[in-house]
Amino acid sequence: MKTKLAIVCFLTAVTCRTAVAGVVEDCQQGHLSKASLGACTEIIKSPSFELNEKALAYRYRGEVRMYAGAVRPAIADFTESIRLNKENMPAFEGRGWVKFTAGNLAGAIADYSEAIRLSPATVELYNERGHIYIIDGKPDDAIRDLTEALRLTSSNPSAFNTRANAFNTRGFAYFKKDDLVRAQEDFTAAIAINPLKSIFYLNRGHVYEAQGKASDAVDDLQQALLLDPSLIEAMKSLERLGGEATTAIQSDRRIRQGKEVAEKNCSSCHAVGAKGVSPNKDATAFRIFYRRHPNLSLRGPTGYGIATTHDRMPPFKLSREETNSLIAYIDSFVPQR
């Protein structure tokens, strides 16, 4: 009888451990998984888990909510994760990014600074904080961050994409300072690393235009459009420069398509036109996206989607054509240089 009881207890313990492991694994799936959200909540509420496990669960649930667009709940989860573990670098990074998308630039910079203090060799943190510094009108601070990112990746061949993005973002910071020579050098370096990134050609094309090098500008802008036909800004710049570009009719057609996508999928929360207030106060008006995401970086320096998140953003999927048209429509609000 004792032997049978021992076997039952052993099997029960194994089953419990397996169930716990399954919940933890589900929680860590992240992103837009409903299973992950439920599993993390189960860990948070259960007395069977340690505080360090709950800290991770709050962090992972914060990431799920971040990707789903729930700003305030995501911030609350990251904050609780940090309370339980003050050395939680990913939670500071996540909270910093959500604060940035919500327009709290000072709070975002503070969180990224703490994340960098905890993990000074994490290159992405410098790239992301550098991007925020540019939006905050602090190009010199951005240049320092991006120069550090480049130093950290100088001997790492596998970090070529991160390195290319750092050159591009630093080039944009130099452009903001009207240092056209250094801006051109950085955009050229970014293109040398990744010659298939349309935004690099668009940015260098603007530098060439500012330098009075119309022919070089036209070449770059045409290449940008070849790689990404949603670049309405490139189309308009080419029309202004007299280049043989996609016609204004094609530009207007894509913008109209993007407006239709926006009205269908986004207008219940966002102000999608040239005027008006967003129905959801936490949803950014389309006409001011460019203030936070210059030069179409709203595609996401870390891939967080094509829109600033807000609490009630519904899940929807767009085709590549719809995405390009929506970005073209958003880009049509960017003031021309």
# chains A, B, ... in the order shown; residues from 1 in each chain; ligands from 1
>>> closest_atom_pairs(of="range 253-282 of chain A", to="range 321-332 of chain A", cutoff="8 Å", atoms="only C-alpha atoms", output="JSON lines")
{"residue": "A:Arg254", "atom": "CA", "partner": "A:Ser325", "partner_atom": "CA", "distance": 5.4}
{"residue": "A:Ile255", "atom": "CA", "partner": "A:Tyr329", "partner_atom": "CA", "distance": 4.6}
{"residue": "A:Arg256", "atom": "CA", "partner": "A:Tyr329", "partner_atom": "CA", "distance": 7.3}
{"residue": "A:Gln257", "atom": "CA", "partner": "A:Ser325", "partner_atom": "CA", "distance": 5.8}
{"residue": "A:Gly258", "atom": "CA", "partner": "A:Leu326", "partner_atom": "CA", "distance": 3.9}
{"residue": "A:Lys259", "atom": "CA", "partner": "A:Tyr329", "partner_atom": "CA", "distance": 6.0}
{"residue": "A:Val261", "atom": "CA", "partner": "A:Leu326", "partner_atom": "CA", "distance": 6.3}
{"residue": "A:Ala262", "atom": "CA", "partner": "A:Leu326", "partner_atom": "CA", "distance": 6.6}
>>> atom_distance(atom1="CA of Cys40 in chain A", atom2="CA of Val64 in chain A")
9.6 Å
>>> select_by_dssp(residues="range 93-320 of chain A", states="alpha helix (DSSP H)", output="PyMOL selection string")
chain A and resi 93-101+105-118+123-135+139-153+160-176+180-193+198-210+214-227+232-241+248-265+289-292+320
>>> residues_around(residues="range 184-191 of chain A", least_positions_apart="2", cutoff="6 Å", atoms="only C-alpha atoms", output="ChimeraX atom specification")
/A:164,167-168,171,180-182,193-195,200,204
>>> write_last_selection(atoms="all heavy atoms", output="CSV table (one decimal), in the first residue's frame")
chain,number,residue,atom,x,y,z
A,164,ALA,N,24.1,49.0,-39.8
A,164,ALA,CA,23.5,49.8,-40.8
A,164,ALA,C,22.5,50.8,-40.3
A,164,ALA,O,22.5,51.9,-40.7
A,164,ALA,CB,22.9,48.9,-41.9
A,167,PHE,N,24.2,53.6,-38.5
A,167,PHE,CA,24.7,54.6,-39.5
A,167,PHE,C,23.6,55.5,-40.0
A,167,PHE,O,23.7,56.7,-40.1
A,167,PHE,CB,25.5,54.0,-40.6
A,167,PHE,CG,26.9,53.7,-40.4
A,167,PHE,CD1,27.4,52.4,-40.4
A,167,PHE,CD2,27.8,54.7,-40.1
A,167,PHE,CE1,28.8,52.1,-40.2
A,167,PHE,CE2,29.2,54.5,-39.9
A,167,PHE,CZ,29.6,53.2,-40.0
A,168,ASN,N,22.5,54.9,-40.4
A,168,ASN,CA,21.4,55.6,-40.9
A,168,ASN,C,20.8,56.6,-39.9
A,168,ASN,O,20.6,57.8,-40.3
A,168,ASN,CB,20.3,54.7,-41.4
A,168,ASN,CG,19.0,55.4,-41.9
A,168,ASN,OD1,19.1,56.0,-42.9
A,168,ASN,ND2,17.9,55.3,-41.2
A,171,GLY,N,23.2,59.4,-39.3
A,171,GLY,CA,23.2,60.3,-40.5
A,171,GLY,C,22.0,61.2,-40.4
A,171,GLY,O,22.1,62.4,-40.7
A,180,LEU,N,25.9,68.3,-43.5
A,180,LEU,CA,25.5,67.5,-44.7
A,180,LEU,C,26.6,66.5,-45.1
A,180,LEU,O,26.4,65.4,-45.6
A,180,LEU,CB,25.2,68.4,-45.9
A,180,LEU,CG,24.0,69.3,-45.6
A,180,LEU,CD1,23.7,70.2,-46.9
A,180,LEU,CD2,22.8,68.6,-45.2
A,181,VAL,N,27.9,66.9,-44.9
A,181,VAL,CA,29.0,66.0,-45.2
A,181,VAL,C,29.0,64.7,-44.4
A,181,VAL,O,29.1,63.6,-45.0
A,181,VAL,CB,30.4,66.8,-45.1
A,181,VAL,CG1,31.5,65.8,-45.3
A,181,VAL,CG2,30.5,67.9,-46.1
A,182,ARG,N,28.9,64.9,-43.1
A,182,ARG,CA,28.8,63.7,-42.3
A,182,ARG,C,27.5,62.9,-42.5
A,182,ARG,O,27.5,61.7,-42.4
A,182,ARG,CB,29.0,64.1,-40.8
A,182,ARG,CG,30.4,64.6,-40.4
A,182,ARG,CD,30.5,64.9,-39.0
A,182,ARG,NE,31.9,65.3,-38.7
A,182,ARG,CZ,32.3,65.6,-37.4
A,182,ARG,NH1,31.4,65.7,-36.4
A,182,ARG,NH2,33.5,66.0,-37.2
A,193,ILE,N,26.5,48.7,-46.3
A,193,ILE,CA,26.3,47.5,-45.5
A,193,ILE,C,25.0,46.8,-46.0
A,193,ILE,O,25.0,45.5,-46.1
A,193,ILE,CB,26.1,47.9,-44.0
A,193,ILE,CG1,27.4,48.4,-43.5
A,193,ILE,CG2,25.7,46.7,-43.2
A,193,ILE,CD1,27.3,49.0,-42.1
A,194,ASN,N,24.0,47.5,-46.3
A,194,ASN,CA,22.7,46.9,-46.7
A,194,ASN,C,22.1,47.7,-47.9
A,194,ASN,O,21.4,48.7,-47.7
A,194,ASN,CB,21.7,46.9,-45.6
A,194,ASN,CG,20.4,46.2,-45.9
A,194,ASN,OD1,20.2,45.8,-47.1
A,194,ASN,ND2,19.5,46.0,-45.0
A,195,PRO,N,22.5,47.3,-49.1
A,195,PRO,CA,22.1,48.1,-50.3
A,195,PRO,C,20.6,47.9,-50.7
A,195,PRO,O,20.2,48.4,-51.7
A,195,PRO,CB,23.0,47.6,-51.4
A,195,PRO,CG,23.4,46.2,-50.9
A,195,PRO,CD,23.4,46.2,-49.4
A,200,PHE,N,17.5,54.2,-46.7
A,200,PHE,CA,18.9,54.7,-46.8
A,200,PHE,C,19.0,55.6,-48.0
A,200,PHE,O,19.7,56.7,-47.9
A,200,PHE,CB,19.9,53.6,-46.8
A,200,PHE,CG,19.8,52.7,-45.6
A,200,PHE,CD1,20.5,51.5,-45.6
A,200,PHE,CD2,19.1,53.0,-44.4
A,200,PHE,CE1,20.5,50.6,-44.5
A,200,PHE,CE2,19.1,52.2,-43.3
A,200,PHE,CZ,19.8,51.0,-43.3
A,204,ARG,N,19.7,59.7,-48.2
A,204,ARG,CA,20.9,60.3,-48.9
A,204,ARG,C,20.4,61.1,-50.0
A,204,ARG,O,21.1,62.2,-50.3
A,204,ARG,CB,21.8,59.2,-49.3
A,204,ARG,CG,23.2,59.7,-49.8
A,204,ARG,CD,24.2,58.6,-50.2
A,204,ARG,NE,23.7,57.9,-51.4
A,204,ARG,CZ,24.5,56.9,-52.0
A,204,ARG,NH1,25.7,56.6,-51.5
A,204,ARG,NH2,24.0,56.3,-53.0
>>> residues_around(residues="Asn85 in chain A", least_positions_apart="6", cutoff="10 Å", atoms="only C-alpha atoms", output="ChimeraX atom specification")
/A:51-52,54-56,79,91
>>> closest_residue(among="A:Lys45, A:Arg83, A:Gly62, A:His270", to="Gly96 in chain A", atoms="only C-alpha atoms")
A:Gly62
>>> atom_distance(atom1="CA of Asp216 in chain A", atom2="CA of Lys236 in chain A")
15.9 Å
>>> residues_around(residues="Asp145 in chain A", least_positions_apart="6", cutoff="9 Å", atoms="only C-alpha atoms", output="list of chain:residue names")
A:Leu125, A:Tyr126, A:Asn127, A:Glu128, A:Arg129, A:Gly130, A:Arg170
>>> write_last_selection(atoms="N, CA, C and O atoms", output="compact mmCIF listing (two decimals), in the first residue's frame")
# COMPACT_ATOMS: atom_id res chain seq x y z
N LEU A 125 19.90 49.12 -27.36
CA LEU A 125 19.45 50.18 -26.45
C LEU A 125 19.96 51.55 -26.90
O LEU A 125 19.24 52.55 -26.80
N TYR A 126 21.19 51.59 -27.40
CA TYR A 126 21.74 52.86 -27.88
C TYR A 126 21.05 53.30 -29.17
O TYR A 126 20.77 54.49 -29.37
N ASN A 127 20.77 52.33 -30.05
CA ASN A 127 20.04 52.67 -31.28
C ASN A 127 18.66 53.23 -30.97
O ASN A 127 18.24 54.24 -31.55
N GLU A 128 17.97 52.60 -30.04
CA GLU A 128 16.61 53.02 -29.73
C GLU A 128 16.59 54.36 -28.99
O GLU A 128 15.78 55.24 -29.30
N ARG A 129 17.50 54.52 -28.00
CA ARG A 129 17.53 55.80 -27.29
C ARG A 129 17.97 56.91 -28.23
O ARG A 129 17.48 58.06 -28.15
N GLY A 130 18.90 56.59 -29.15
CA GLY A 130 19.33 57.59 -30.13
C GLY A 130 18.17 58.07 -30.98
O GLY A 130 18.04 59.27 -31.27
N ARG A 170 22.26 57.86 -37.24
CA ARG A 170 23.24 58.92 -36.95
C ARG A 170 23.29 59.91 -38.11
O ARG A 170 23.43 61.13 -37.90
>>> closest_residue(among="A:Asp111, A:Glu209, A:Glu42, A:Asp220", to="Trp97 in chain A", atoms="only C-alpha atoms")
A:Asp111
